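> Next comes structure.cif, mmCIF, N, CA and C atoms:
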data_my_file
loop_
_atom_site.label_atom_id
_atom_site.label_comp_id
_atom_site.auth_asym_id
_atom_site.auth_seq_id
_atom_site.Cartn_x
_atom_site.Cartn_y
_atom_site.Cartn_z
N MET A 1 -55.80 34.68 -47.64
CA MET A 1 -54.70 35.60 -47.70
C MET A 1 -53.87 35.52 -46.42
N LYS A 2 -54.59 35.46 -45.28
CA LYS A 2 -53.91 35.40 -44.01
C LYS A 2 -53.12 34.08 -43.89
N LYS A 3 -53.74 33.00 -44.36
CA LYS A 3 -53.09 31.70 -44.29
C LYS A 3 -51.84 31.67 -45.17
N LYS A 4 -51.92 32.33 -46.33
CA LYS A 4 -50.79 32.37 -47.24
C LYS A 4 -49.62 33.14 -46.60
N LEU A 5 -49.93 34.25 -45.92
CA LEU A 5 -48.89 35.01 -45.23
C LEU A 5 -48.27 34.20 -44.10
N LEU A 6 -49.10 33.48 -43.37
CA LEU A 6 -48.59 32.67 -42.28
C LEU A 6 -47.71 31.53 -42.78
N SER A 7 -48.00 31.01 -43.94
CA SER A 7 -47.18 29.92 -44.48
C SER A 7 -45.87 30.44 -45.06
N LEU A 8 -45.82 31.72 -45.48
CA LEU A 8 -44.58 32.27 -46.01
C LEU A 8 -43.56 32.55 -44.91
N PHE A 9 -44.04 32.97 -43.75
CA PHE A 9 -43.13 33.32 -42.67
C PHE A 9 -42.22 32.14 -42.25
N PRO A 10 -42.76 30.95 -42.01
CA PRO A 10 -41.86 29.82 -41.66
C PRO A 10 -40.86 29.50 -42.77
N ASN A 11 -41.29 29.66 -44.04
CA ASN A 11 -40.36 29.41 -45.15
C ASN A 11 -39.21 30.41 -45.12
N TYR A 12 -39.56 31.68 -44.93
CA TYR A 12 -38.51 32.70 -44.84
C TYR A 12 -37.61 32.44 -43.64
N TRP A 13 -38.24 32.07 -42.52
CA TRP A 13 -37.48 31.81 -41.31
C TRP A 13 -36.49 30.66 -41.52
N ARG A 14 -36.93 29.58 -42.17
CA ARG A 14 -36.03 28.45 -42.44
C ARG A 14 -34.90 28.87 -43.37
N ALA A 15 -35.24 29.67 -44.39
CA ALA A 15 -34.21 30.12 -45.33
C ALA A 15 -33.19 31.01 -44.62
N VAL A 16 -33.67 31.90 -43.78
CA VAL A 16 -32.76 32.78 -43.05
C VAL A 16 -31.90 31.95 -42.09
N LYS A 17 -32.50 30.98 -41.41
CA LYS A 17 -31.76 30.13 -40.49
C LYS A 17 -30.67 29.35 -41.22
N ARG A 18 -31.02 28.79 -42.39
CA ARG A 18 -30.03 28.06 -43.19
C ARG A 18 -28.89 28.98 -43.61
N HIS A 19 -29.27 30.18 -44.04
CA HIS A 19 -28.25 31.13 -44.49
C HIS A 19 -27.33 31.53 -43.33
N ILE A 20 -27.90 31.78 -42.16
CA ILE A 20 -27.09 32.16 -41.00
C ILE A 20 -26.17 31.01 -40.60
N LYS A 21 -26.69 29.78 -40.61
CA LYS A 21 -25.84 28.63 -40.27
C LYS A 21 -24.71 28.47 -41.27
N ALA A 22 -25.03 28.66 -42.55
CA ALA A 22 -23.99 28.55 -43.58
C ALA A 22 -22.95 29.66 -43.40
N ARG A 23 -23.38 30.89 -43.11
CA ARG A 23 -22.44 32.00 -42.92
C ARG A 23 -21.57 31.76 -41.68
N LEU A 24 -22.16 31.21 -40.61
CA LEU A 24 -21.37 30.91 -39.42
C LEU A 24 -20.33 29.82 -39.69
N LYS A 25 -20.73 28.82 -40.47
CA LYS A 25 -19.80 27.75 -40.82
C LYS A 25 -18.66 28.30 -41.68
N ILE A 26 -19.00 29.16 -42.64
CA ILE A 26 -17.98 29.78 -43.49
C ILE A 26 -17.04 30.61 -42.64
N GLN A 27 -17.59 31.39 -41.70
CA GLN A 27 -16.75 32.22 -40.84
C GLN A 27 -15.85 31.36 -39.97
N LYS A 28 -16.37 30.24 -39.49
CA LYS A 28 -15.56 29.34 -38.67
C LYS A 28 -14.39 28.78 -39.49
N TYR A 29 -14.67 28.37 -40.71
CA TYR A 29 -13.60 27.85 -41.57
C TYR A 29 -12.59 28.93 -41.93
N ARG A 30 -13.06 30.15 -42.16
CA ARG A 30 -12.13 31.25 -42.45
C ARG A 30 -11.24 31.53 -41.24
N THR A 31 -11.82 31.46 -40.05
CA THR A 31 -11.04 31.69 -38.84
C THR A 31 -10.00 30.60 -38.64
N VAL A 32 -10.39 29.36 -38.84
CA VAL A 32 -9.45 28.24 -38.72
C VAL A 32 -8.33 28.39 -39.75
N LEU A 33 -8.69 28.77 -40.97
CA LEU A 33 -7.70 28.97 -42.03
C LEU A 33 -6.74 30.10 -41.66
N ALA A 34 -7.27 31.21 -41.15
CA ALA A 34 -6.42 32.35 -40.79
C ALA A 34 -5.48 31.99 -39.65
N VAL A 35 -5.99 31.28 -38.65
CA VAL A 35 -5.14 30.89 -37.53
C VAL A 35 -4.07 29.91 -37.97
N SER A 36 -4.43 28.95 -38.80
CA SER A 36 -3.44 27.98 -39.26
C SER A 36 -2.39 28.64 -40.14
N GLN A 37 -2.81 29.60 -40.98
CA GLN A 37 -1.83 30.32 -41.80
C GLN A 37 -0.91 31.16 -40.93
N LEU A 38 -1.48 31.77 -39.89
CA LEU A 38 -0.67 32.58 -38.98
C LEU A 38 0.35 31.71 -38.25
N LEU A 39 -0.07 30.56 -37.77
CA LEU A 39 0.86 29.65 -37.08
C LEU A 39 1.93 29.13 -38.04
N ALA A 40 1.53 28.78 -39.25
CA ALA A 40 2.50 28.30 -40.23
C ALA A 40 3.51 29.39 -40.56
N ASP A 41 3.03 30.62 -40.70
CA ASP A 41 3.91 31.75 -40.99
C ASP A 41 4.85 32.00 -39.81
N LEU A 42 4.33 31.89 -38.60
CA LEU A 42 5.16 32.09 -37.41
C LEU A 42 6.25 31.02 -37.31
N ILE A 43 5.89 29.78 -37.55
CA ILE A 43 6.87 28.69 -37.50
C ILE A 43 7.92 28.86 -38.60
N THR A 44 7.47 29.24 -39.79
CA THR A 44 8.40 29.44 -40.90
C THR A 44 9.36 30.58 -40.60
N ASN A 45 8.83 31.70 -40.11
CA ASN A 45 9.69 32.84 -39.80
C ASN A 45 10.66 32.52 -38.67
N ALA A 46 10.21 31.78 -37.67
CA ALA A 46 11.11 31.40 -36.57
C ALA A 46 12.23 30.49 -37.08
N THR A 47 11.89 29.59 -37.97
CA THR A 47 12.90 28.70 -38.56
C THR A 47 13.90 29.50 -39.38
N ILE A 48 13.41 30.46 -40.15
CA ILE A 48 14.31 31.28 -40.96
C ILE A 48 15.24 32.09 -40.08
N VAL A 49 14.72 32.67 -39.00
CA VAL A 49 15.56 33.44 -38.09
C VAL A 49 16.62 32.55 -37.45
N LEU A 50 16.22 31.35 -37.04
CA LEU A 50 17.17 30.42 -36.44
C LEU A 50 18.27 30.04 -37.42
N ILE A 51 17.90 29.76 -38.65
CA ILE A 51 18.89 29.40 -39.67
C ILE A 51 19.81 30.58 -39.97
N LEU A 52 19.24 31.79 -40.04
CA LEU A 52 20.07 32.97 -40.28
C LEU A 52 21.07 33.20 -39.15
N LEU A 53 20.63 33.00 -37.90
CA LEU A 53 21.56 33.13 -36.78
C LEU A 53 22.68 32.09 -36.85
N LEU A 54 22.32 30.88 -37.25
CA LEU A 54 23.33 29.83 -37.41
C LEU A 54 24.31 30.19 -38.53
N VAL A 55 23.79 30.73 -39.62
CA VAL A 55 24.65 31.13 -40.74
C VAL A 55 25.60 32.25 -40.30
N ILE A 56 25.06 33.23 -39.57
CA ILE A 56 25.91 34.33 -39.09
C ILE A 56 26.99 33.81 -38.16
N PHE A 57 26.62 32.91 -37.27
CA PHE A 57 27.60 32.34 -36.34
C PHE A 57 28.69 31.58 -37.09
N LEU A 58 28.27 30.71 -38.00
CA LEU A 58 29.27 29.92 -38.74
C LEU A 58 30.12 30.79 -39.66
N THR A 59 29.51 31.84 -40.22
CA THR A 59 30.28 32.75 -41.07
C THR A 59 31.32 33.50 -40.24
N SER A 60 30.94 33.91 -39.03
CA SER A 60 31.90 34.62 -38.19
C SER A 60 33.05 33.69 -37.77
N ILE A 61 32.74 32.44 -37.50
CA ILE A 61 33.81 31.46 -37.16
C ILE A 61 34.72 31.27 -38.36
N THR A 62 34.13 31.11 -39.54
CA THR A 62 34.92 30.93 -40.76
C THR A 62 35.79 32.16 -41.03
N LEU A 63 35.20 33.34 -40.88
CA LEU A 63 35.95 34.57 -41.07
C LEU A 63 37.09 34.67 -40.07
N SER A 64 36.82 34.29 -38.84
CA SER A 64 37.86 34.35 -37.81
C SER A 64 39.03 33.43 -38.13
N PHE A 65 38.75 32.21 -38.53
CA PHE A 65 39.84 31.29 -38.85
C PHE A 65 40.56 31.70 -40.13
N SER A 66 39.82 32.24 -41.10
CA SER A 66 40.47 32.71 -42.33
C SER A 66 41.41 33.87 -42.04
N LEU A 67 40.95 34.81 -41.22
CA LEU A 67 41.81 35.93 -40.86
C LEU A 67 42.97 35.48 -39.97
N SER A 68 42.76 34.41 -39.20
CA SER A 68 43.85 33.85 -38.40
C SER A 68 44.97 33.33 -39.29
N VAL A 69 44.57 32.66 -40.35
CA VAL A 69 45.57 32.16 -41.30
C VAL A 69 46.26 33.34 -41.99
N PHE A 70 45.49 34.37 -42.35
CA PHE A 70 46.04 35.54 -43.04
C PHE A 70 47.04 36.29 -42.16
N PHE A 71 46.68 36.51 -40.88
CA PHE A 71 47.56 37.25 -39.97
C PHE A 71 48.61 36.37 -39.30
N GLY A 72 48.42 35.07 -39.36
CA GLY A 72 49.39 34.16 -38.75
C GLY A 72 49.20 34.00 -37.25
N SER A 73 48.09 34.48 -36.69
CA SER A 73 47.83 34.37 -35.26
C SER A 73 46.33 34.24 -35.04
N HIS A 74 45.96 33.29 -34.20
CA HIS A 74 44.54 33.09 -33.92
C HIS A 74 43.96 34.31 -33.21
N VAL A 75 44.73 34.90 -32.32
CA VAL A 75 44.25 36.06 -31.57
C VAL A 75 43.96 37.22 -32.52
N LEU A 76 44.89 37.50 -33.43
CA LEU A 76 44.70 38.60 -34.37
C LEU A 76 43.55 38.31 -35.34
N GLY A 77 43.40 37.08 -35.75
CA GLY A 77 42.31 36.70 -36.66
C GLY A 77 40.94 36.90 -36.01
N PHE A 78 40.79 36.43 -34.77
CA PHE A 78 39.51 36.59 -34.07
C PHE A 78 39.25 38.05 -33.73
N LEU A 79 40.32 38.80 -33.41
CA LEU A 79 40.17 40.22 -33.13
C LEU A 79 39.72 40.98 -34.38
N ALA A 80 40.30 40.67 -35.52
CA ALA A 80 39.91 41.32 -36.77
C ALA A 80 38.47 40.98 -37.14
N ALA A 81 38.07 39.73 -36.93
CA ALA A 81 36.69 39.33 -37.22
C ALA A 81 35.72 40.06 -36.30
N THR A 82 36.10 40.18 -35.03
CA THR A 82 35.26 40.91 -34.07
C THR A 82 35.12 42.36 -34.48
N LEU A 83 36.20 42.97 -34.91
CA LEU A 83 36.15 44.36 -35.37
C LEU A 83 35.26 44.51 -36.61
N CYS A 84 35.34 43.57 -37.54
CA CYS A 84 34.49 43.62 -38.75
C CYS A 84 33.01 43.51 -38.38
N LEU A 85 32.69 42.58 -37.51
CA LEU A 85 31.29 42.39 -37.10
C LEU A 85 30.78 43.58 -36.29
N THR A 86 31.66 44.16 -35.45
CA THR A 86 31.29 45.34 -34.67
C THR A 86 31.04 46.52 -35.61
N LEU A 87 31.87 46.68 -36.62
CA LEU A 87 31.67 47.74 -37.60
C LEU A 87 30.35 47.56 -38.35
N ALA A 88 30.02 46.33 -38.70
CA ALA A 88 28.74 46.06 -39.37
C ALA A 88 27.56 46.38 -38.45
N ALA A 89 27.67 46.01 -37.17
CA ALA A 89 26.59 46.31 -36.21
C ALA A 89 26.43 47.81 -36.01
N LEU A 90 27.55 48.53 -35.94
CA LEU A 90 27.48 49.99 -35.79
C LEU A 90 26.87 50.65 -37.03
N LEU A 91 27.17 50.11 -38.18
CA LEU A 91 26.58 50.63 -39.42
C LEU A 91 25.07 50.45 -39.42
N VAL A 92 24.60 49.30 -38.96
CA VAL A 92 23.16 49.06 -38.88
C VAL A 92 22.52 50.00 -37.85
N LEU A 93 23.19 50.21 -36.72
CA LEU A 93 22.66 51.13 -35.71
C LEU A 93 22.63 52.57 -36.24
N TRP A 94 23.61 52.94 -37.01
CA TRP A 94 23.68 54.29 -37.55
C TRP A 94 22.56 54.54 -38.55
N LYS A 95 22.25 53.55 -39.36
CA LYS A 95 21.19 53.65 -40.37
C LYS A 95 19.94 52.90 -39.91
N ARG A 96 19.67 52.89 -38.62
CA ARG A 96 18.58 52.11 -38.04
C ARG A 96 17.22 52.47 -38.64
N SER A 97 16.91 53.74 -38.81
CA SER A 97 15.60 54.13 -39.32
C SER A 97 15.38 53.62 -40.75
N ARG A 98 16.43 53.67 -41.56
CA ARG A 98 16.29 53.15 -42.94
C ARG A 98 16.10 51.63 -42.95
N VAL A 99 16.84 50.95 -42.07
CA VAL A 99 16.72 49.48 -42.00
C VAL A 99 15.33 49.09 -41.51
N GLU A 100 14.83 49.78 -40.48
CA GLU A 100 13.49 49.49 -39.97
C GLU A 100 12.42 49.77 -41.02
N ALA A 101 12.54 50.89 -41.72
CA ALA A 101 11.56 51.23 -42.76
C ALA A 101 11.59 50.19 -43.88
N TYR A 102 12.77 49.72 -44.24
CA TYR A 102 12.88 48.71 -45.30
C TYR A 102 12.19 47.41 -44.90
N PHE A 103 12.49 46.92 -43.68
CA PHE A 103 11.90 45.66 -43.25
C PHE A 103 10.40 45.79 -42.96
N ALA A 104 9.97 46.95 -42.46
CA ALA A 104 8.53 47.17 -42.25
C ALA A 104 7.79 47.17 -43.58
N GLY A 105 8.35 47.85 -44.56
CA GLY A 105 7.73 47.87 -45.89
C GLY A 105 7.69 46.48 -46.51
N LEU A 106 8.75 45.73 -46.32
CA LEU A 106 8.81 44.37 -46.84
C LEU A 106 7.75 43.49 -46.19
N THR A 107 7.60 43.61 -44.87
CA THR A 107 6.62 42.82 -44.14
C THR A 107 5.20 43.19 -44.54
N ILE A 108 4.92 44.48 -44.64
CA ILE A 108 3.58 44.93 -45.01
C ILE A 108 3.24 44.50 -46.43
N ALA A 109 4.18 44.64 -47.34
CA ALA A 109 3.94 44.22 -48.72
C ALA A 109 3.66 42.72 -48.80
N ARG A 110 4.41 41.95 -48.03
CA ARG A 110 4.21 40.49 -48.02
C ARG A 110 2.82 40.13 -47.47
N TYR A 111 2.41 40.84 -46.42
CA TYR A 111 1.10 40.59 -45.82
C TYR A 111 -0.01 40.88 -46.82
N PHE A 112 0.04 42.02 -47.50
CA PHE A 112 -1.02 42.37 -48.45
C PHE A 112 -1.00 41.46 -49.68
N GLU A 113 0.16 40.99 -50.08
CA GLU A 113 0.22 40.03 -51.19
C GLU A 113 -0.47 38.73 -50.81
N LYS A 114 -0.28 38.28 -49.56
CA LYS A 114 -0.94 37.06 -49.11
C LYS A 114 -2.45 37.23 -49.08
N ILE A 115 -2.91 38.39 -48.61
CA ILE A 115 -4.35 38.63 -48.56
C ILE A 115 -4.92 38.66 -49.97
N ARG A 116 -4.23 39.36 -50.88
CA ARG A 116 -4.71 39.47 -52.27
C ARG A 116 -4.72 38.10 -52.95
N ALA A 117 -3.72 37.29 -52.69
CA ALA A 117 -3.66 35.97 -53.30
C ALA A 117 -4.72 35.04 -52.73
N GLY A 118 -5.05 35.21 -51.45
CA GLY A 118 -6.01 34.33 -50.80
C GLY A 118 -7.46 34.66 -51.10
N HIS A 119 -7.77 35.92 -51.36
CA HIS A 119 -9.15 36.34 -51.55
C HIS A 119 -9.29 37.23 -52.79
N PRO A 120 -9.20 36.65 -53.98
CA PRO A 120 -9.37 37.49 -55.17
C PRO A 120 -10.82 37.92 -55.35
N LYS A 121 -11.03 39.18 -55.63
CA LYS A 121 -12.36 39.73 -55.91
C LYS A 121 -13.36 39.38 -54.81
N ARG A 122 -13.01 39.67 -53.59
CA ARG A 122 -13.82 39.29 -52.44
C ARG A 122 -15.20 39.95 -52.45
N SER A 123 -15.26 41.24 -52.78
CA SER A 123 -16.53 41.95 -52.72
C SER A 123 -17.50 41.43 -53.78
N VAL A 124 -16.99 41.04 -54.95
CA VAL A 124 -17.85 40.50 -55.99
C VAL A 124 -18.44 39.17 -55.54
N LYS A 125 -17.66 38.38 -54.83
CA LYS A 125 -18.14 37.09 -54.34
C LYS A 125 -19.29 37.29 -53.36
N ASN A 126 -19.12 38.23 -52.42
CA ASN A 126 -20.18 38.48 -51.45
C ASN A 126 -21.45 38.98 -52.13
N THR A 127 -21.32 39.81 -53.15
CA THR A 127 -22.47 40.31 -53.88
C THR A 127 -23.19 39.17 -54.59
N SER A 128 -22.44 38.26 -55.20
CA SER A 128 -23.07 37.15 -55.91
C SER A 128 -23.77 36.21 -54.91
N GLU A 129 -23.20 36.02 -53.72
CA GLU A 129 -23.86 35.20 -52.70
C GLU A 129 -25.18 35.83 -52.28
N PHE A 130 -25.18 37.15 -52.11
CA PHE A 130 -26.39 37.85 -51.72
C PHE A 130 -27.45 37.72 -52.81
N GLU A 131 -27.04 37.89 -54.07
CA GLU A 131 -27.98 37.77 -55.18
C GLU A 131 -28.54 36.36 -55.29
N SER A 132 -27.70 35.34 -55.07
CA SER A 132 -28.19 33.97 -55.14
C SER A 132 -29.18 33.68 -54.00
N LEU A 133 -28.94 34.25 -52.83
CA LEU A 133 -29.87 34.09 -51.72
C LEU A 133 -31.21 34.73 -52.06
N MET A 134 -31.17 35.95 -52.61
CA MET A 134 -32.40 36.64 -52.98
C MET A 134 -33.16 35.87 -54.06
N ASN A 135 -32.44 35.28 -55.02
CA ASN A 135 -33.09 34.47 -56.06
C ASN A 135 -33.75 33.24 -55.44
N ALA A 136 -33.09 32.62 -54.46
CA ALA A 136 -33.67 31.45 -53.81
C ALA A 136 -34.95 31.82 -53.06
N ILE A 137 -34.94 32.97 -52.41
CA ILE A 137 -36.13 33.41 -51.69
C ILE A 137 -37.26 33.72 -52.67
N ASP A 138 -36.94 34.38 -53.77
CA ASP A 138 -37.94 34.68 -54.80
C ASP A 138 -38.51 33.39 -55.39
N HIS A 139 -37.66 32.41 -55.60
CA HIS A 139 -38.08 31.12 -56.16
C HIS A 139 -39.06 30.43 -55.20
N LYS A 140 -38.80 30.50 -53.90
CA LYS A 140 -39.69 29.89 -52.90
C LYS A 140 -41.03 30.62 -52.88
N GLU A 141 -41.01 31.95 -53.09
CA GLU A 141 -42.25 32.70 -53.08
C GLU A 141 -43.16 32.27 -54.23
N LYS A 142 -42.58 31.99 -55.37
CA LYS A 142 -43.37 31.63 -56.56
C LYS A 142 -44.02 30.27 -56.42
N ARG A 143 -43.45 29.40 -55.61
CA ARG A 143 -44.03 28.07 -55.44
C ARG A 143 -45.26 28.19 -54.65
#
Rewrite the coordinates I just gave you, this time as structure tokens.

Amino acid sequence: MKKKLLSLFPNYWRAVKRHIKARLKIQKYRTVLAVSQLLADLITNATIVLILLLVIFLTSITLSFSLSVFFGSHVLGFLAATLCLTLAALLVLWKRSRVEAYFAGLTIARYFEKIRAGHPKRSVKNTSEFESLMNAIDHKEKR
């Protein structure tokens, strides 16, 4: 009886060690995946912001020249474009709380959609892994 108990302990120890190594490897891969997704998201967002700034700049130049043709003077055209852009900026400042709430909600919703898409039914998966480990340990006991 004593010998049987002594022989079970190393088996359990090896199984636990394998399981811990596998869990550490899984965690390492999840961390690498999360960091790479974060960097990819950061690069994508930076590119989008850069392109949007370029679009705003080119749109303001186009608006300025269009208004220059309309008013017949480059000075009046650029002045009118500056006034339009200043009015738009003041409107955003006036409604700043609504704009911030909108973009915060958009960002949070996007974040949770990514998490949901990346890990469907996460808790069920962990439960099934635990059950499969327990079955493996029970199977070793019967041998």
> Excluding Leu76 in chain A and its own-chain neighbours fewer than 4 positions away, which residues fall within 12 Å of it when counting only C-alpha atoms? Please give them as a list of chain:residue names.
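Contacts, in chain order: A:Leu63, A:Ser64, A:Phe65, A:Ser66, A:Leu67, A:Ser68, A:Val69, A:Phe70, A:Phe71, A:Gly72, A:Ala80, A:Ala81, A:Thr82, A:Leu83.
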> Save out the residues we just selected, N, CA and C atoms, as a short mmCIF file (atom, residue, chain, number, x, y, z; two decimals), in the coordinates of the input.

data_model
loop_
_atom_site.label_atom_id
_atom_site.label_comp_id
_atom_site.auth_asym_id
_atom_site.auth_seq_id
_atom_site.Cartn_x
_atom_site.Cartn_y
_atom_site.Cartn_z
N LEU A 63 35.20 33.34 -40.88
CA LEU A 63 35.95 34.57 -41.07
C LEU A 63 37.09 34.67 -40.07
N SER A 64 36.82 34.29 -38.84
CA SER A 64 37.86 34.35 -37.81
C SER A 64 39.03 33.43 -38.13
N PHE A 65 38.75 32.21 -38.53
CA PHE A 65 39.84 31.29 -38.85
C PHE A 65 40.56 31.70 -40.13
N SER A 66 39.82 32.24 -41.10
CA SER A 66 40.47 32.71 -42.33
C SER A 66 41.41 33.87 -42.04
N LEU A 67 40.95 34.81 -41.22
CA LEU A 67 41.81 35.93 -40.86
C LEU A 67 42.97 35.48 -39.97
N SER A 68 42.76 34.41 -39.20
CA SER A 68 43.85 33.85 -38.40
C SER A 68 44.97 33.33 -39.29
N VAL A 69 44.57 32.66 -40.35
CA VAL A 69 45.57 32.16 -41.30
C VAL A 69 46.26 33.34 -41.99
N PHE A 70 45.49 34.37 -42.35
CA PHE A 70 46.04 35.54 -43.04
C PHE A 70 47.04 36.29 -42.16
N PHE A 71 46.68 36.51 -40.88
CA PHE A 71 47.56 37.25 -39.97
C PHE A 71 48.61 36.37 -39.30
N GLY A 72 48.42 35.07 -39.36
CA GLY A 72 49.39 34.16 -38.75
C GLY A 72 49.20 34.00 -37.25
N ALA A 80 40.30 40.67 -35.52
CA ALA A 80 39.91 41.32 -36.77
C ALA A 80 38.47 40.98 -37.14
N ALA A 81 38.07 39.73 -36.93
CA ALA A 81 36.69 39.33 -37.22
C ALA A 81 35.72 40.06 -36.30
N THR A 82 36.10 40.18 -35.03
CA THR A 82 35.26 40.91 -34.07
C THR A 82 35.12 42.36 -34.48
N LEU A 83 36.20 42.97 -34.91
CA LEU A 83 36.15 44.36 -35.37
C LEU A 83 35.26 44.51 -36.61
#
> Measure the distance from CA of Leu42 in chain A to CA of Ala89 in chain A in Å and round it to one decimal.
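If I compute the distance from CA of Leu42 in chain A to CA of Ala89 in chain A, I get 25.7 Å.
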> Could you state the separation of atom C of Leu52 in chain A and atom N of Val92 in chain A in Å, given to one decimal place?
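Distance between the two atoms: 16.5 Å.
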> Could you tell me how far CA of Leu90 in chain A lies from atom C of Gly105 in chain A, in Å and to one decimal?
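Straight-line distance from CA of Leu90 in chain A to atom C of Gly105 in chain A works out to 22.8 Å.
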> Please return the centre and edge lengths, in Å to one decimal, of a box with edges along x, y and z that contains all listed atoms of range 26-45 of chain A, widened by 6 Å on every side, as lines of an AutoDock Vina configuration file.

center_x = -4.2
center_y = 30.3
center_z = -40.3
size_x = 41.7
size_y = 17.0
size_z = 18.4
> Would you mind putting back N, CA, C and O atoms on range 72-83 of chain A, then writing it out as a compact mmCIF listing (two decimals), keeping the file's coordinate frame?

# COMPACT_ATOMS: atom_id res chain seq x y z
N GLY A 72 48.42 35.07 -39.36
CA GLY A 72 49.39 34.16 -38.75
C GLY A 72 49.20 34.00 -37.25
O GLY A 72 50.05 33.42 -36.58
N SER A 73 48.09 34.48 -36.69
CA SER A 73 47.83 34.37 -35.26
C SER A 73 46.33 34.24 -35.04
O SER A 73 45.54 34.99 -35.61
N HIS A 74 45.96 33.29 -34.20
CA HIS A 74 44.54 33.09 -33.92
C HIS A 74 43.96 34.31 -33.21
O HIS A 74 42.82 34.71 -33.47
N VAL A 75 44.73 34.90 -32.32
CA VAL A 75 44.25 36.06 -31.57
C VAL A 75 43.96 37.22 -32.52
O VAL A 75 42.91 37.86 -32.44
N LEU A 76 44.89 37.50 -33.43
CA LEU A 76 44.70 38.60 -34.37
C LEU A 76 43.55 38.31 -35.34
O LEU A 76 42.79 39.22 -35.70
N GLY A 77 43.40 37.08 -35.75
CA GLY A 77 42.31 36.70 -36.66
C GLY A 77 40.94 36.90 -36.01
O GLY A 77 40.03 37.48 -36.61
N PHE A 78 40.79 36.43 -34.77
CA PHE A 78 39.51 36.59 -34.07
C PHE A 78 39.25 38.05 -33.73
O PHE A 78 38.11 38.51 -33.76
N LEU A 79 40.32 38.80 -33.41
CA LEU A 79 40.17 40.22 -33.13
C LEU A 79 39.72 40.98 -34.38
O LEU A 79 38.81 41.82 -34.32
N ALA A 80 40.30 40.67 -35.52
CA ALA A 80 39.91 41.32 -36.77
C ALA A 80 38.47 40.98 -37.14
O ALA A 80 37.70 41.85 -37.60
N ALA A 81 38.07 39.73 -36.93
CA ALA A 81 36.69 39.33 -37.22
C ALA A 81 35.72 40.06 -36.30
O ALA A 81 34.66 40.51 -36.72
N THR A 82 36.10 40.18 -35.03
CA THR A 82 35.26 40.91 -34.07
C THR A 82 35.12 42.36 -34.48
O THR A 82 34.03 42.94 -34.41
N LEU A 83 36.20 42.97 -34.91
CA LEU A 83 36.15 44.36 -35.37
C LEU A 83 35.26 44.51 -36.61
O LEU A 83 34.50 45.48 -36.72
